[in-house]
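Have a look at the structure below before the remarks.
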Amino acid sequence: MHLQRIVQRSARPGFAALKVTSPSTAAFTVCFAKFHSNSKKTAARATDPITGRVTELAEKVMKASPLELYHYTNMSLAVLTPAALFLSPLPLLNWPVDMGLALVIPVHSYYGLVGVIQDYVPQGQQNVSIMAALVLSILMGLGLLKVNLCGAGVTESVKCLWRPVKAIKE
């Protein structure tokens, strides 16, 4: 008897479908309940829903492909950028957003550059180019963290580009 998995989801939620075929009989589908829960996960979700959700999110990010990570950072930037502009005059509220930007921007640029390198750089030079992109992204992240920790912050530094220049008194 040969077993072949058709779909993970069945018409009934919480169940999976399994197609069973045999050389002598016609194919038929068996529906069975899915019990993939781990006792540790269930215990964490039952006691603290926030911890369970954070654990699920961390597992999802750890298992993500580079393209999925690029899309996650894209969504993060779509949320953090307007929040940073809105909270900018308030340093206490804007500091966590600036730190988030300082961490997400280099990761986003790294995965974006890797995609461009894989598409346009010849195969023999890709490893060197990817390592150079990694070094540049690390340096960018360190620079943004320095601006956040020792300066006005990423958002205020960008906003000052559109402010008028103050006259220097001598």
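Going through the structure tokens in order, the chains are called A, B, and so on, while each chain numbers its residues from 1 and the ligands are numbered from 1 in the order shown.
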
Within 12 Å of A:Gly115, counting only C-alpha atoms, which residues show up once you throw out same-chain ones fewer than 2 positions away? Write them as a PDB file with N, CA and C atoms, in the first residue's frame, please.
```pdb
ATOM      1  N   PRO A  66      15.637  33.878   3.289  1.00  0.00           N
ATOM      2  CA  PRO A  66      16.103  35.259   3.134  1.00  0.00           C
ATOM      3  C   PRO A  66      15.062  36.177   2.490  1.00  0.00           C
ATOM      4  N   LEU A  67      14.301  35.675   1.543  1.00  0.00           N
ATOM      5  CA  LEU A  67      13.269  36.500   0.912  1.00  0.00           C
ATOM      6  C   LEU A  67      12.178  36.851   1.920  1.00  0.00           C
ATOM      7  N   LEU A  69      12.597  37.065   5.175  1.00  0.00           N
ATOM      8  CA  LEU A  69      13.188  38.044   6.091  1.00  0.00           C
ATOM      9  C   LEU A  69      13.198  39.433   5.471  1.00  0.00           C
ATOM     10  N   TYR A  70      13.485  39.512   4.175  1.00  0.00           N
ATOM     11  CA  TYR A  70      13.455  40.791   3.476  1.00  0.00           C
ATOM     12  C   TYR A  70      12.046  41.391   3.540  1.00  0.00           C
ATOM     13  N   HIS A 108      17.592  44.901   6.314  1.00  0.00           N
ATOM     14  CA  HIS A 108      16.840  45.069   5.071  1.00  0.00           C
ATOM     15  C   HIS A 108      17.781  45.372   3.898  1.00  0.00           C
ATOM     16  N   SER A 109      18.740  46.243   4.132  1.00  0.00           N
ATOM     17  CA  SER A 109      19.666  46.579   3.041  1.00  0.00           C
ATOM     18  C   SER A 109      20.556  45.389   2.691  1.00  0.00           C
ATOM     19  N   TYR A 110      20.957  44.591   3.685  1.00  0.00           N
ATOM     20  CA  TYR A 110      21.785  43.419   3.407  1.00  0.00           C
ATOM     21  C   TYR A 110      21.056  42.428   2.509  1.00  0.00           C
ATOM     22  N   TYR A 111      19.821  42.057   2.892  1.00  0.00           N
ATOM     23  CA  TYR A 111      19.096  41.073   2.093  1.00  0.00           C
ATOM     24  C   TYR A 111      18.732  41.625   0.716  1.00  0.00           C
ATOM     25  N   GLY A 112      18.463  42.924   0.632  1.00  0.00           N
ATOM     26  CA  GLY A 112      18.217  43.528  -0.673  1.00  0.00           C
ATOM     27  C   GLY A 112      19.449  43.501  -1.556  1.00  0.00           C
ATOM     28  N   LEU A 113      20.613  43.830  -0.981  1.00  0.00           N
ATOM     29  CA  LEU A 113      21.857  43.793  -1.750  1.00  0.00           C
ATOM     30  C   LEU A 113      22.224  42.373  -2.173  1.00  0.00           C
ATOM     31  N   ILE A 117      22.958  41.213  -5.889  1.00  0.00           N
ATOM     32  CA  ILE A 117      24.231  40.542  -6.209  1.00  0.00           C
ATOM     33  C   ILE A 117      23.969  39.204  -6.886  1.00  0.00           C
ATOM     34  N   GLN A 118      23.024  38.433  -6.374  1.00  0.00           N
ATOM     35  CA  GLN A 118      22.732  37.132  -6.972  1.00  0.00           C
ATOM     36  C   GLN A 118      22.166  37.261  -8.381  1.00  0.00           C
ATOM     37  N   ASP A 119      21.502  38.378  -8.664  1.00  0.00           N
ATOM     38  CA  ASP A 119      20.924  38.563  -9.993  1.00  0.00           C
ATOM     39  C   ASP A 119      21.926  39.109 -11.007  1.00  0.00           C
ATOM     40  N   TYR A 120      22.823  40.005 -10.579  1.00  0.00           N
ATOM     41  CA  TYR A 120      23.613  40.755 -11.550  1.00  0.00           C
ATOM     42  C   TYR A 120      25.124  40.559 -11.491  1.00  0.00           C
ATOM     43  N   VAL A 121      25.649  39.982 -10.444  1.00  0.00           N
ATOM     44  CA  VAL A 121      27.095  39.784 -10.333  1.00  0.00           C
ATOM     45  C   VAL A 121      27.432  38.388 -10.862  1.00  0.00           C
ATOM     46  N   GLN A 126      30.430  36.384  -6.668  1.00  0.00           N
ATOM     47  CA  GLN A 126      29.301  36.597  -5.766  1.00  0.00           C
ATOM     48  C   GLN A 126      29.680  36.472  -4.293  1.00  0.00           C
ATOM     49  N   SER A 129      31.372  39.601  -3.138  1.00  0.00           N
ATOM     50  CA  SER A 129      30.415  40.705  -3.122  1.00  0.00           C
ATOM     51  C   SER A 129      29.444  40.583  -1.947  1.00  0.00           C
ATOM     52  N   ILE A 130      29.015  39.375  -1.647  1.00  0.00           N
ATOM     53  CA  ILE A 130      28.106  39.172  -0.514  1.00  0.00           C
ATOM     54  C   ILE A 130      28.817  39.471   0.801  1.00  0.00           C
ATOM     55  N   ALA A 133      28.939  43.184   1.126  1.00  0.00           N
ATOM     56  CA  ALA A 133      27.626  43.694   1.532  1.00  0.00           C
ATOM     57  C   ALA A 133      27.394  43.459   3.021  1.00  0.00           C
TER      58      ALA A 133
END
```

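Nearest-residue note for A:Pro96: choosing from A:Leu136, A:Val54, A:Trp162, A:Leu80, the minimum distance belongs to A:Leu80, counting only C-alpha atoms.
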
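Going from atom CA of A:Ala83 over to atom CA of A:Val114, you cover 27.7 Å.
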
Fill in: Closest of A:Leu93, A:Ala64, A:Leu101, A:Asn148 to A:Val79 - atom-to-atom distances counting only C-alpha atoms
A:Leu101

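Of the residues under consideration (A:Asn94, A:His71, A:Ala102, A:Ala58), A:Ala102 shows the shortest atom-to-atom contact distance to A:Leu145 when counting only C-alpha atoms.
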
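When atom CA of A:Ser157 is paired with atom CA of A:Ala84, their separation reads 11.7 Å.
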
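Interatomic distance, atom CA of A:Lys166 to atom CA of A:Leu90: 22.0 Å.
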